[in-house]
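J.: A single structure is presented below for examination.
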Amino acid sequence: MSGNDDYVEGENSIENFAFLIDNHEEEKIKKIIDRNDVFKGFPPLFIAGMHTNGTWVLTKFGTKANLSKGCDSKLTDLAEHLGLDVDADILNDIGFTPLMLAVMFGPPKSVEIILSKVGKEGMNEETKGHYTAKVFANCRDDDSIRKLFQAGGKRAQCAPCQACSVM
């Protein structure tokens, strides 16, 4: 996910938020976070974790409290808007955390920053459908993200499910 070159003042859109991230607009981003704005049902830090350049937002504004809670929105609208290919079981689930979205769709550095703020317990948070960030990490084709979830040199194992075969 990356921003665009067209910023529209006063418009609450993912594209505008991406523009602000790309241009390091700290004050405007802080206002968006403080207002509790949402984009397709998801708070700004969830979106920042997915954005290629969003790591500075997570570092500056992310806390254990605002990066640990799950969101009650389904991924359906967000995935459609961003053109994400996601299985229906996952699309219709709720309770995703910023870590989960970063693992599925963001850069490895976002995952690393969020983990540094939420700790190991963030790895074990579950969606309503019982998916965890560990499950998504095991399914993502990115060794640098999977390594962040390894314990004692072994790949973290998930409970048997269909997630890896459908992502």
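Letters A, B, ... mark the chains of the structure tokens in the order given; residue numbers begin at 1 per chain; ligand numbers begin at 1, in order shown.
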Write out as a PyMOL selection string the set of residues from chain A that DSSP, computed on the backbone, places in helix (DSSP H, G or I).
T.: chain A and resi 14-22+26-34+44-50+55-61+64-68+76-82+88-91+98-105+108-118+120-124+133-139+143-148+163-166
J.: For His51 (chain A), work out the shell of residues within 12 Å, counting only C-alpha atoms and skipping chain neighbours fewer than 3 positions away, then give it as a PDB file with C-alpha atoms, in the first residue's frame.
T.:
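Just written: around-v4.pdb:
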```
ATOM      1  CA  MET A   1       0.000   0.000   0.000  1.00  0.00           C
ATOM      2  CA  SER A   2       1.387   3.354  -0.928  1.00  0.00           C
ATOM      3  CA  GLY A   3       0.012   6.853  -1.153  1.00  0.00           C
ATOM      4  CA  ASN A   4      -0.947   8.964  -4.121  1.00  0.00           C
ATOM      5  CA  ILE A  14      -7.513   6.020   2.797  1.00  0.00           C
ATOM      6  CA  GLU A  15      -5.884   7.829  -0.115  1.00  0.00           C
ATOM      7  CA  PHE A  17      -4.279   9.254   4.872  1.00  0.00           C
ATOM      8  CA  ALA A  18      -1.685   7.539   2.669  1.00  0.00           C
ATOM      9  CA  PHE A  19      -0.695  10.936   1.258  1.00  0.00           C
ATOM     10  CA  LEU A  20      -0.212  12.287   4.781  1.00  0.00           C
ATOM     11  CA  ILE A  21       1.912   9.275   5.696  1.00  0.00           C
ATOM     12  CA  ASP A  22       4.059   9.639   2.584  1.00  0.00           C
ATOM     13  CA  PRO A  44      -5.531   4.893  11.409  1.00  0.00           C
ATOM     14  CA  LEU A  45      -2.835   2.781  13.065  1.00  0.00           C
ATOM     15  CA  PHE A  46      -4.252  -0.361  11.453  1.00  0.00           C
ATOM     16  CA  ILE A  47      -3.887   1.326   8.064  1.00  0.00           C
ATOM     17  CA  ALA A  48      -0.420   2.685   8.893  1.00  0.00           C
ATOM     18  CA  GLY A  54       3.740   3.786   7.697  1.00  0.00           C
ATOM     19  CA  THR A  55       6.464   2.630  10.077  1.00  0.00           C
ATOM     20  CA  TRP A  56       7.206   6.152  11.270  1.00  0.00           C
ATOM     21  CA  VAL A  57       3.525   6.568  12.248  1.00  0.00           C
ATOM     22  CA  LEU A  58       3.644   3.351  14.304  1.00  0.00           C
ATOM     23  CA  LEU A  82      -7.464  -1.941  -1.743  1.00  0.00           C
ATOM     24  CA  PRO A  98      -2.962  -3.900  13.804  1.00  0.00           C
ATOM     25  CA  LEU A 101      -3.116  -6.653   9.317  1.00  0.00           C
ATOM     26  CA  ALA A 102       0.583  -5.765   9.245  1.00  0.00           C
ATOM     27  CA  VAL A 103       1.485  -9.458   9.106  1.00  0.00           C
ATOM     28  CA  MET A 104      -0.950 -10.107   6.267  1.00  0.00           C
ATOM     29  CA  PHE A 105      -0.438  -6.965   4.196  1.00  0.00           C
ATOM     30  CA  GLY A 106       2.298  -4.719   5.583  1.00  0.00           C
ATOM     31  CA  PRO A 107       6.060  -4.487   5.419  1.00  0.00           C
ATOM     32  CA  PRO A 108       8.180  -6.564   7.824  1.00  0.00           C
ATOM     33  CA  LYS A 109       9.350  -3.407   9.616  1.00  0.00           C
ATOM     34  CA  SER A 110       5.736  -2.620  10.614  1.00  0.00           C
ATOM     35  CA  VAL A 111       5.391  -6.084  12.109  1.00  0.00           C
TER      36      VAL A 111
END
```
J.: Rounded to one decimal place, report the CA of Phe149 (chain A)-CA of Lys134 (chain A) distance in Å.
T.: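 Distance reported for this atom pair: 6.4 Å.
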J.: Could you check how far CA of Ile33 (chain A) sits from CA of Gly62 (chain A), in Å to one decimal?
T.: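 Atom-to-atom, CA of Ile33 (chain A) and CA of Gly62 (chain A) are spaced 10.0 Å apart.
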J.: When you look at His81 (chain A) with a cut-off of 12 Å (counting only C-alpha atoms), what residues show up, excluding the ones that are within fewer than 3 positions of it in the same chain? I need them as a list of chain:residue names.
T.: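 The filter keeps A:Met1, A:Ser13, A:Ile14, A:Glu15, A:Phe39, A:Lys40, A:Gly41, A:Leu75, A:Thr76, A:Asp77, A:Leu78, A:Leu84, A:Asp85.
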J.: Go through A:Met100, A:Lys74, A:Met50, A:Asn138 and flag the residue nearest Ala88 (chain A), using only C-alpha atoms for the distances.
T.: A:Lys74
J.: Find the residues around Gly95 (chain A) up to 9 Å (only C-alpha atoms counted), leave out those fewer than 4 positions away in its own chain, and share them as a PyMOL selection string.
T.: chain A and resi 69-74+125-129
J.: Run DSSP on the backbone of this structure and report the residues of region 1-165 of chain A it assigns to strand (DSSP E or B), as a ChimeraX atom specification.
T.: /A:39,42,71,96,151,154
J.: Pick the closest to Gly49 (chain A) from A:Leu67, A:His24, A:Leu91, A:Val118: which is it, counting only C-alpha atoms?
T.: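 Using only C-alpha atoms, the shortest distance to Gly49 (chain A) belongs to A:Leu67.
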J.: Take CA of Cys139 (chain A) and CA of Phe42 (chain A) and report the distance between them in Å, one decimal.
T.: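 Result for CA of Cys139 (chain A) versus CA of Phe42 (chain A): 22.4 Å, one decimal.
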J.: Find the residue from A:Asn12, A:Thr59, A:Asn53, A:Lys147 that sits nearest to Asp37 (chain A); use only C-alpha atoms when measuring.
T.: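 The closest residue to Asp37 (chain A) is A:Asn12.
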